[in-house]
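Asker: Next up, start_39.txt (compact mmCIF, C-alpha atoms).
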```
# COMPACT_ATOMS: atom_id res chain seq x y z
CA MET A 1 134.62 144.27 50.20
CA THR A 2 132.03 143.19 52.71
CA GLY A 3 129.36 140.54 53.09
CA LEU A 4 126.75 143.18 52.31
CA ARG A 5 127.78 143.37 48.66
CA ALA A 6 125.93 140.80 46.55
CA PRO A 7 124.43 142.29 43.37
CA TRP A 8 121.57 140.29 41.88
CA SER A 9 121.41 139.90 38.11
CA LEU A 10 118.17 140.49 36.27
CA ARG A 11 119.01 137.41 34.23
CA GLU A 12 118.54 135.27 37.35
CA PRO A 13 115.12 134.31 38.76
CA THR A 14 113.57 137.29 40.57
CA PRO A 15 111.03 136.08 43.15
CA LEU A 16 109.79 138.65 45.62
CA ALA A 17 110.62 136.30 48.50
CA ARG A 18 114.32 136.58 47.70
CA SER A 19 114.13 140.37 47.87
CA ARG A 20 112.19 140.30 51.13
CA GLU A 21 114.70 137.95 52.75
CA ARG A 22 117.73 139.90 51.60
CA ILE A 23 116.28 143.20 52.84
CA ALA A 24 115.50 141.64 56.22
CA GLU A 25 119.08 140.38 56.41
CA THR A 26 120.92 143.55 55.40
CA GLU A 27 118.68 146.56 55.94
CA PRO A 28 119.45 147.09 59.67
CA ARG A 29 123.05 147.87 58.70
CA LEU A 30 122.46 149.42 55.29
CA GLN A 31 119.42 151.71 55.76
CA ALA A 32 118.64 152.04 52.07
CA TRP A 33 114.84 152.22 52.38
CA VAL A 34 112.38 154.83 53.57
CA GLU A 35 109.34 152.56 53.40
CA LEU A 36 108.57 149.01 52.24
CA ASN A 37 105.34 147.31 51.26
CA PHE A 38 105.71 144.04 49.36
CA PRO A 39 102.93 143.18 46.93
CA ALA A 40 101.40 139.73 46.88
CA ASP A 41 102.98 138.86 43.54
CA GLY A 42 105.04 140.28 40.73
CA ARG A 43 108.02 139.52 38.53
CA VAL A 44 110.90 141.95 39.13
CA PRO A 45 111.21 143.69 42.54
CA LEU A 46 111.87 147.39 42.01
CA GLY A 47 113.21 150.07 44.34
CA VAL A 48 112.01 153.62 43.67
CA LYS A 49 113.85 156.76 44.75
CA ASP A 50 111.74 158.78 47.16
CA ILE A 51 111.24 161.76 44.89
CA ILE A 52 109.24 159.60 42.46
CA ASP A 53 105.54 159.00 43.13
CA VAL A 54 104.34 155.44 43.70
CA VAL A 55 100.66 154.92 44.40
CA GLY A 56 100.05 154.16 48.06
CA PHE A 57 103.41 155.57 49.24
CA PRO A 58 104.10 159.11 50.44
CA THR A 59 106.83 161.01 48.56
CA ARG A 60 108.90 162.56 51.34
CA CYS A 61 111.94 163.66 49.29
CA GLY A 62 114.29 163.13 52.24
CA SER A 63 113.07 166.38 53.78
CA PRO A 64 111.53 167.35 57.12
CA LEU A 65 109.12 169.49 55.11
CA ARG A 66 107.54 166.30 53.76
CA THR A 67 107.33 164.27 56.97
CA ASP A 68 103.53 164.31 56.90
CA ALA A 69 103.16 163.84 53.14
CA ARG A 70 100.09 161.91 52.08
CA ALA A 71 100.32 158.74 50.02
CA ALA A 72 100.44 159.36 46.27
CA GLU A 73 97.17 158.67 44.51
CA SER A 74 98.84 157.63 41.27
CA ASP A 75 102.18 156.47 39.93
CA ALA A 76 104.68 158.74 38.26
CA ALA A 77 104.71 158.23 34.49
CA ILE A 78 108.06 156.43 34.68
CA VAL A 79 106.74 154.01 37.32
CA THR A 80 103.74 153.24 35.12
CA ALA A 81 106.16 152.44 32.29
CA TRP A 82 108.30 150.16 34.47
CA ARG A 83 105.21 148.33 35.74
CA ALA A 84 104.21 147.65 32.13
CA ALA A 85 107.70 146.22 31.58
CA GLY A 86 107.19 143.72 34.43
CA ALA A 87 108.72 145.51 37.42
CA VAL A 88 106.79 145.86 40.69
CA PRO A 89 107.70 148.53 43.28
CA VAL A 90 108.42 147.11 46.73
CA GLY A 91 109.27 150.41 48.43
CA LYS A 92 110.83 153.84 48.38
CA THR A 93 114.61 154.24 48.64
CA VAL A 94 116.54 156.92 50.49
CA THR A 95 117.34 160.17 48.69
CA THR A 96 119.29 163.22 49.74
CA GLU A 97 117.01 166.16 50.56
CA PHE A 98 115.09 167.07 47.39
CA ALA A 99 117.78 165.17 45.46
CA TYR A 100 120.51 167.65 46.40
CA PHE A 101 123.56 167.21 48.66
CA SER A 102 122.33 166.62 52.23
CA PRO A 103 122.67 162.83 52.76
CA GLY A 104 120.39 160.36 54.44
CA PRO A 105 121.55 157.45 56.64
CA THR A 106 122.42 154.95 53.89
CA ASP A 107 125.77 153.14 54.10
CA ASN A 108 127.78 151.77 51.19
CA PRO A 109 127.49 147.95 51.02
CA SER A 110 130.70 147.77 49.00
CA ALA A 111 132.73 149.89 51.44
CA LEU A 112 131.07 150.20 54.84
CA GLY A 113 131.61 153.54 56.49
CA HIS A 114 131.99 155.24 53.10
CA THR A 115 129.37 157.26 51.26
CA PRO A 116 127.19 155.45 48.72
CA GLY A 117 127.03 158.73 46.80
CA GLY A 118 123.93 160.72 46.10
CA SER A 119 121.36 161.74 45.52
CA SER A 120 120.14 158.26 44.55
CA SER A 121 121.85 156.79 47.59
CA GLY A 122 119.33 154.14 48.60
CA SER A 123 118.73 152.85 45.08
CA ALA A 124 122.42 152.28 44.33
CA ALA A 125 123.03 150.66 47.73
CA ALA A 126 119.96 148.43 47.48
CA VAL A 127 121.13 147.03 44.14
CA ALA A 128 124.74 146.63 45.31
CA ALA A 129 123.55 144.66 48.36
CA GLY A 130 121.29 142.40 46.28
CA GLN A 131 118.14 143.65 47.97
CA VAL A 132 116.54 144.22 44.55
CA PRO A 133 117.83 143.57 41.02
CA LEU A 134 116.61 146.94 39.71
CA ALA A 135 116.13 150.39 41.24
CA LEU A 136 115.18 153.82 39.94
CA GLY A 137 117.08 157.03 40.43
CA SER A 138 117.21 160.47 38.90
CA GLN A 139 120.09 162.68 37.84
CA THR A 140 120.34 166.47 37.75
CA ALA A 141 124.10 166.66 38.27
CA GLY A 142 125.76 163.31 39.13
CA SER A 143 123.05 161.64 41.20
CA VAL A 144 123.07 158.28 39.36
CA THR A 145 126.51 157.89 37.81
CA ARG A 146 128.46 158.70 40.98
CA PRO A 147 126.53 156.33 43.32
CA ALA A 148 126.91 153.55 40.76
CA SER A 149 130.66 154.08 40.71
CA PHE A 150 130.94 154.25 44.50
CA CYS A 151 128.79 151.14 45.07
CA GLY A 152 130.17 149.04 42.22
CA VAL A 153 127.02 148.61 40.14
CA ALA A 154 125.91 149.62 36.65
CA SER A 155 123.69 152.59 35.92
CA LEU A 156 121.92 154.24 33.05
CA VAL A 157 121.06 157.94 32.87
CA MET A 158 118.51 158.38 30.12
CA SER A 159 118.57 161.20 27.60
CA HIS A 160 116.86 164.30 28.88
CA GLY A 161 113.18 164.09 27.95
CA ARG A 162 113.27 160.41 26.98
CA PHE A 163 110.38 159.75 29.40
CA PRO A 164 108.08 162.32 31.03
CA MET A 165 108.99 163.65 34.47
CA ASP A 166 105.33 163.73 35.57
CA GLY A 167 105.07 162.64 39.20
CA VAL A 168 108.73 163.37 39.96
CA THR A 169 109.70 166.12 42.43
CA GLY A 170 112.47 167.71 40.41
CA LEU A 171 115.01 170.48 40.82
CA SER A 172 115.79 171.72 37.33
CA PRO A 173 113.54 171.06 34.32
CA SER A 174 116.41 171.61 31.86
CA LEU A 175 118.61 169.06 33.61
CA ASP A 176 116.47 166.45 35.43
CA SER A 177 116.67 162.98 33.86
CA HIS A 178 115.55 159.47 34.74
CA GLY A 179 118.01 156.79 35.78
CA ALA A 180 118.21 153.13 36.75
CA PHE A 181 120.62 150.80 38.56
CA ALA A 182 121.30 147.10 38.03
CA ALA A 183 124.12 144.68 38.78
CA GLY A 184 125.71 144.94 35.34
CA VAL A 185 125.33 146.68 32.01
CA THR A 186 123.92 143.51 30.44
CA ASP A 187 121.11 143.69 33.02
CA LEU A 188 120.40 147.31 32.13
CA ALA A 189 120.31 146.44 28.43
CA LEU A 190 117.69 143.78 29.14
CA ALA A 191 115.68 146.13 31.39
CA PHE A 192 115.76 149.02 28.92
CA SER A 193 114.61 146.73 26.13
CA ALA A 194 111.65 145.66 28.27
CA LEU A 195 110.90 149.28 29.13
CA THR A 196 110.97 150.64 25.60
CA GLY A 197 110.18 147.64 23.41
CA GLU A 198 113.42 148.24 21.50
CA PRO A 199 115.36 145.00 20.89
CA GLU A 200 118.79 144.79 22.48
CA ALA A 201 121.48 145.87 20.04
CA GLY A 202 124.33 143.66 18.97
CA LEU A 203 127.68 144.42 20.59
CA PRO A 204 129.98 146.49 18.36
CA ALA A 205 133.00 144.43 17.28
CA ARG A 206 135.31 147.46 17.24
CA PRO A 207 133.75 150.30 19.22
CA ARG A 208 135.02 153.75 18.41
CA LEU A 209 135.59 155.69 21.62
CA LEU A 210 136.76 159.17 22.57
CA LEU A 211 138.99 158.96 25.65
CA TRP A 212 138.24 161.79 28.09
CA ARG A 213 140.96 162.39 30.71
CA PRO A 214 139.84 165.03 33.25
CA PRO A 215 141.88 165.50 36.44
CA VAL A 216 141.03 162.67 38.87
CA GLU A 217 142.55 160.83 41.81
CA PRO A 218 145.53 158.55 40.99
CA GLU A 219 143.64 155.28 41.40
CA MET A 220 140.84 156.41 39.11
CA ARG A 221 143.37 157.60 36.55
CA ALA A 222 145.03 154.17 36.69
CA ALA A 223 141.62 152.50 36.28
CA VAL A 224 140.81 154.52 33.16
CA ASP A 225 144.25 153.75 31.72
CA PHE A 226 143.73 150.04 32.44
CA ALA A 227 140.32 150.09 30.79
CA SER A 228 141.67 151.84 27.70
CA ARG A 229 144.48 149.27 27.36
CA ARG A 230 142.04 146.37 27.71
CA LEU A 231 139.72 147.88 25.14
CA ALA A 232 142.53 148.57 22.67
CA ALA A 233 143.72 144.98 23.04
CA ALA A 234 140.15 143.83 22.35
CA GLY A 235 140.04 145.80 19.11
CA ALA A 236 138.46 149.10 20.13
CA VAL A 237 139.52 152.32 18.45
CA LEU A 238 140.38 155.00 20.99
CA ASP A 239 141.10 158.63 20.18
CA GLU A 240 141.71 161.42 22.65
CA PHE A 241 138.70 163.63 23.35
CA PRO A 242 139.71 166.87 21.60
CA ALA A 243 137.48 169.47 23.23
CA SER A 244 137.42 171.35 26.53
CA VAL A 245 134.26 171.07 28.62
CA ALA A 246 135.34 173.59 31.26
CA ALA A 247 132.84 176.26 30.20
CA LEU A 248 130.08 173.65 29.99
CA THR A 249 130.94 172.35 33.46
CA ALA A 250 130.76 175.90 34.82
CA ALA A 251 127.43 176.62 33.09
CA HIS A 252 125.68 173.61 34.62
CA PRO A 253 125.47 174.83 38.26
CA VAL A 254 124.27 178.27 37.11
CA VAL A 255 121.32 176.69 35.30
CA MET A 256 120.69 174.27 38.15
CA ALA A 257 120.56 176.96 40.84
CA TYR A 258 118.44 179.37 38.80
CA GLU A 259 115.87 176.74 37.92
CA ALA A 260 115.86 175.11 41.37
CA ALA A 261 114.96 178.41 43.05
CA ARG A 262 111.88 178.57 40.84
CA GLU A 263 111.01 174.88 40.77
CA ARG A 264 111.21 174.66 44.54
CA ALA A 265 109.70 178.09 45.26
CA ALA A 266 107.27 176.62 47.80
CA GLU A 267 110.17 175.41 49.91
CA LEU A 268 111.74 178.88 49.99
CA ALA A 269 109.03 179.95 52.43
CA HIS A 270 110.46 177.39 54.88
CA ILE A 271 114.12 177.84 54.06
CA SER A 272 115.20 177.82 57.71
CA ARG A 273 114.06 174.20 57.94
CA LEU A 274 116.04 173.08 54.92
CA SER A 275 119.54 171.61 55.01
CA VAL A 276 122.39 174.08 54.56
CA PRO A 277 123.34 172.75 51.08
CA LEU A 278 119.79 173.00 49.74
CA ALA A 279 119.14 176.40 51.31
CA THR A 280 122.40 177.66 49.81
CA LEU A 281 121.43 176.37 46.36
CA LEU A 282 118.05 178.09 46.46
CA ARG A 283 119.52 181.38 47.71
CA THR A 284 122.16 181.22 44.97
CA GLY A 285 119.44 180.66 42.42
CA LEU A 286 117.50 183.68 43.64
CA GLU A 287 120.62 185.81 43.29
CA THR A 288 121.37 184.53 39.78
CA THR A 289 120.25 187.07 37.19
CA GLU A 290 118.26 186.31 34.08
CA ALA A 291 121.24 187.47 32.03
CA GLU A 292 123.57 185.01 33.80
CA TYR A 293 121.10 182.21 33.24
CA ALA A 294 120.70 183.10 29.56
CA ALA A 295 124.48 183.20 29.11
CA ALA A 296 124.85 179.75 30.68
CA MET A 297 122.13 178.37 28.42
CA ARG A 298 123.96 179.77 25.37
CA VAL A 299 127.15 178.01 26.44
CA ILE A 300 125.21 174.75 26.68
CA ARG A 301 123.49 175.26 23.32
CA ASP A 302 126.78 175.99 21.53
CA ALA A 303 128.55 173.04 23.18
CA ARG A 304 125.68 170.72 22.28
CA ALA A 305 126.12 171.54 18.60
CA ARG A 306 129.89 170.87 18.73
CA ILE A 307 129.74 167.64 20.72
CA THR A 308 126.77 166.26 18.77
CA LEU A 309 128.83 166.68 15.62
CA LEU A 310 131.84 165.06 17.27
CA LEU A 311 129.85 162.03 18.41
CA GLU A 312 128.61 161.33 14.88
CA SER A 313 131.89 159.49 14.25
CA TYR A 314 132.10 157.66 17.60
CA ASP A 315 130.07 155.23 19.67
CA ALA A 316 130.73 156.98 22.99
CA ILE A 317 132.95 159.14 25.14
CA LEU A 318 134.85 157.01 27.67
CA GLY A 319 136.05 158.48 30.96
CA PRO A 320 135.91 158.23 34.74
CA ALA A 321 132.52 158.03 36.46
CA ALA A 322 133.75 159.74 39.64
CA LEU A 323 136.88 161.46 40.88
CA GLY A 324 137.94 158.35 42.80
CA PRO A 325 136.55 155.68 45.10
CA ALA A 326 133.88 156.48 47.69
CA PRO A 327 135.17 158.92 50.33
CA ALA A 328 135.06 157.89 53.99
CA GLY A 329 132.10 158.97 56.11
CA LEU A 330 128.38 159.41 55.54
CA HIS A 331 128.29 163.19 56.00
CA ALA A 332 128.68 164.01 52.28
CA THR A 333 128.04 162.33 48.94
CA GLY A 334 131.06 163.27 46.82
CA ASP A 335 131.61 165.66 43.93
CA PRO A 336 129.42 165.43 40.77
CA VAL A 337 131.79 167.48 38.62
CA LEU A 338 132.46 164.67 36.11
CA SER A 339 128.77 164.38 35.23
CA ARG A 340 127.97 168.09 35.02
CA PRO A 341 128.98 168.70 31.38
CA TRP A 342 127.13 165.67 30.00
CA GLN A 343 124.05 166.33 32.11
CA ALA A 344 123.98 169.90 30.85
CA LEU A 345 123.82 168.48 27.31
CA GLY A 346 121.09 166.01 28.23
CA LEU A 347 123.11 163.05 26.93
CA PRO A 348 122.65 159.45 28.08
CA ALA A 349 125.35 157.98 30.29
CA VAL A 350 126.21 154.45 31.38
CA ALA A 351 128.38 153.60 34.37
CA VAL A 352 130.30 150.36 33.90
CA PRO A 353 131.44 148.52 37.05
CA GLY A 354 134.26 146.03 37.40
CA LEU A 355 137.34 147.93 38.56
CA SER A 356 138.52 148.72 42.09
CA ALA A 357 141.02 150.68 44.12
CA SER A 358 143.87 148.95 45.97
CA ASP A 359 141.69 148.57 49.07
CA GLY A 360 138.78 147.06 47.13
CA ARG A 361 136.54 150.12 46.90
CA PRO A 362 134.78 150.13 43.52
CA LEU A 363 135.74 152.38 40.63
CA GLY A 364 133.35 152.96 37.73
CA ILE A 365 133.97 153.90 34.11
CA GLN A 366 131.54 156.28 32.39
CA LEU A 367 130.30 156.11 28.80
CA VAL A 368 128.45 159.07 27.29
CA GLY A 369 126.50 158.60 24.07
CA ARG A 370 124.30 160.31 21.54
CA SER A 371 120.95 161.73 22.63
CA GLY A 372 118.11 159.25 22.27
CA GLU A 373 120.43 156.34 21.48
CA GLU A 374 120.44 154.53 24.83
CA THR A 375 120.13 151.10 23.22
CA ALA A 376 123.30 151.57 21.18
CA LEU A 377 125.12 153.05 24.19
CA LEU A 378 124.15 150.07 26.34
CA ALA A 379 125.51 147.72 23.70
CA THR A 380 128.80 149.60 23.79
CA GLY A 381 128.68 149.41 27.58
CA CYS A 382 128.25 145.63 27.41
CA ARG A 383 131.31 145.47 25.15
CA VAL A 384 133.32 147.53 27.65
CA GLU A 385 132.06 145.41 30.55
CA ASN A 386 133.15 142.22 28.77
CA ALA A 387 136.59 143.66 28.11
CA LEU A 388 137.07 144.59 31.76
CA ARG A 389 136.08 141.08 32.84
CA ALA A 390 138.40 139.34 30.36
```
Kindly present the structure from the file in structure tokens form.
Answerer:
Amino acid sequence: MTGLRAPWSLREPTPLARSRERIAETEPRLQAWVELNFPADGRVPLGVKDIIDVVGFPTRCGSPLRTDARAAESDAAIVTAWRAAGAVPVGKTVTTEFAYFSPGPTDNPSALGHTPGGSSSGSAAAVAAGQVPLALGSQTAGSVTRPASFCGVASLVMSHGRFPMDGVTGLSPSLDSHGAFAAGVTDLALAFSALTGEPEAGLPARPRLLLWRPPVEPEMRAAVDFASRRLAAAGAVLDEFPASVAALTAAHPVVMAYEAARERAAELAHISRLSVPLATLLRTGLETTEAEYAAAMRVIRDARARITLLLESYDAILGPAALGPAPAGLHATGDPVLSRPWQALGLPAVAVPGLSASDGRPLGIQLVGRSGEETALLATGCRVENALRA
């Protein structure tokens, strides 16, 4: 761990001066922000991923194509909602190019010299460093869950369609979802209650969980095993996840590429100026046939019916949030494979921090819940978080 890691709970006082001072102290090393502009007053300082419009700020999307972007004339719908909940944007955080794989300059405050993940790199790092207590991200593959795991903070990916995507520069309308980062799951539960007006749910005494064990690195496998033992000792019911999600995982990138090539059609005219990963995605999408896209969508539809039925008897699916701890270097953001199946289904996901590898790099646990039931999933996440801290 390093002196840059100091997550700031939403349940503590949240003066803007504290955020301003912490950013001044850590930003030269961290580089989590694209632009800052502190308001005169406000309750909860908020970081906003730079694909999401905030009035008065340009939305540059981490791309050279947007270097000269004009300031947005209005907030994205999700920013309007967070303002109404008491949050005040203080700036735009670093994103990979158009929220795909080409990273920006942001370091990982919990493991310097290692990737913070992506695409919501700056938002996860800003929360992990205590620069802000709350930051917004978006997820199309693993752009929220993975950075949370790598940086050692909590995250929520909302159900697909829970809030409008108006004012967000997306990649894939079938997959794009809103997300948020905070120090812990209890903070996210408080924030989501303020956002939606739903009261926080009581913690389940004996959560029923499906244990998902995909192939992961040894230290992540040990972390999931540790979490399952702690939860069982605390009274949770854990059953093995009985289904394969291989076909679902394979369908996700087909849908993503096909839709991205159409959603980002304007950028195709300047493809030589795009990063290699993004250019490759768009070319792949152009080459994907309508029949291939339709087949992938059928796989997703059929899997949604099966897993929705399965989740009727359980509070959540419990599994790893990433393949392992944050890889060394800032040249890549890691593999989103463990989020692909759940993102394809549009299900909400919570990353629970609190575990670490032998060298101190964070390891996150992922909970996946029923569509539209974020409040209940967050309550389960709080129960898991408490068990890991016991």
Asker: Which residue is closest to Arg283 in chain A? Choose from A:Glu35, A:Val127, A:Tyr258, A:Pro320 and count only C-alpha atoms.
Answerer: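 Of all the options, A:Tyr258 lies closest to Arg283 in chain A.
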Asker: To one decimal place, how far is CA of Gly346 in chain A from CA of Trp8 in chain A in Å?
Answerer: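 Separation of CA of Gly346 in chain A and CA of Trp8 in chain A: 29.1 Å.
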Asker: Between CA of Thr280 in chain A and CA of Val34 in chain A, what is the distance in Å, rounded to a tenth?
Answerer: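 Separating CA of Thr280 in chain A from CA of Val34 in chain A is a distance of 25.2 Å.
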Asker: Measuring between only C-alpha atoms, which one of A:Ser102, A:Gly47, A:Ser74, A:Gln343 shows the shortest distance to Ala279 in chain A?
Answerer: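 Among the listed residues, the smallest separation from Ala279 in chain A belongs to A:Ser102.
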Asker: So that I can see what lies close to range 208-225 of chain A, please list as a PyMOL selection string the residues with an atom at most 9 Å from it, counting all atoms listed in the file and leaving out residues fewer than 6 positions away in the same chain.
Answerer: chain A and resi 236-242+311+313-325+338+355-358+363-365+367
Asker: Distance CA of Glu374 in chain A-CA of Arg83 in chain A, one decimal place?
Answerer: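 CA of Glu374 in chain A sits 19.7 Å away from CA of Arg83 in chain A.
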Asker: Excluding Ala40 in chain A and any residue of its chain fewer than 5 positions from it, enumerate the residues within 12 Å of it, using all atoms listed in the file, and give them as a list of chain:residue names.
Answerer: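 Skipping anything fewer than 5 positions along the chain leaves A:Pro15, A:Leu16, A:Ala17, A:Arg20, A:Pro45, A:Val88, A:Pro89, A:Val90.
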Asker: Near Ser172 in chain A, within 8 Å and counting only C-alpha atoms, which residues show up once chain neighbours fewer than 3 positions away are dropped, as a PyMOL selection string?
Answerer: chain A and resi 140+175-176+255-257+259-260+263
Asker: Which residue gives the smallest distance to Thr288 in chain A among A:Thr145, A:Ala261, A:Phe192, A:Arg162, with all atoms listed in the file counted?
Answerer: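 Closest residue, counting all atoms listed in the file: A:Ala261.
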Asker: Which protein, DNA or RNA residues have an atom at most 12 Å from (119.1, 138.9, 34.6), counting all atoms listed in the file? List them as a ChimeraX atom specification.
Answerer: /A:7-14,43-44,132-134,182-191,194
Asker: Using all atoms listed in the file, pick whichever of A:Val157, A:Val276, A:Ala265, A:Val245 has the shortest atom-to-atom distance to Val350 in chain A.
Answerer: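 Of A:Val157, A:Val276, A:Ala265, A:Val245, the one nearest Val350 in chain A is A:Val157, counting all atoms listed in the file.
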Asker: Kindly indicate which residue among A:Glu97, A:Glu312, A:Glu200, A:Asp107 lies nearest to Pro64 in chain A, using all atoms listed in the file for the distances.
Answerer: A:Glu97
Asker: Which residues are close to Ala126 in chain A, i.e. within 9 Å by all atoms listed in the file, leaving aside same-chain residues fewer than 4 positions away? Reply as a count of residues only.
Answerer: 18
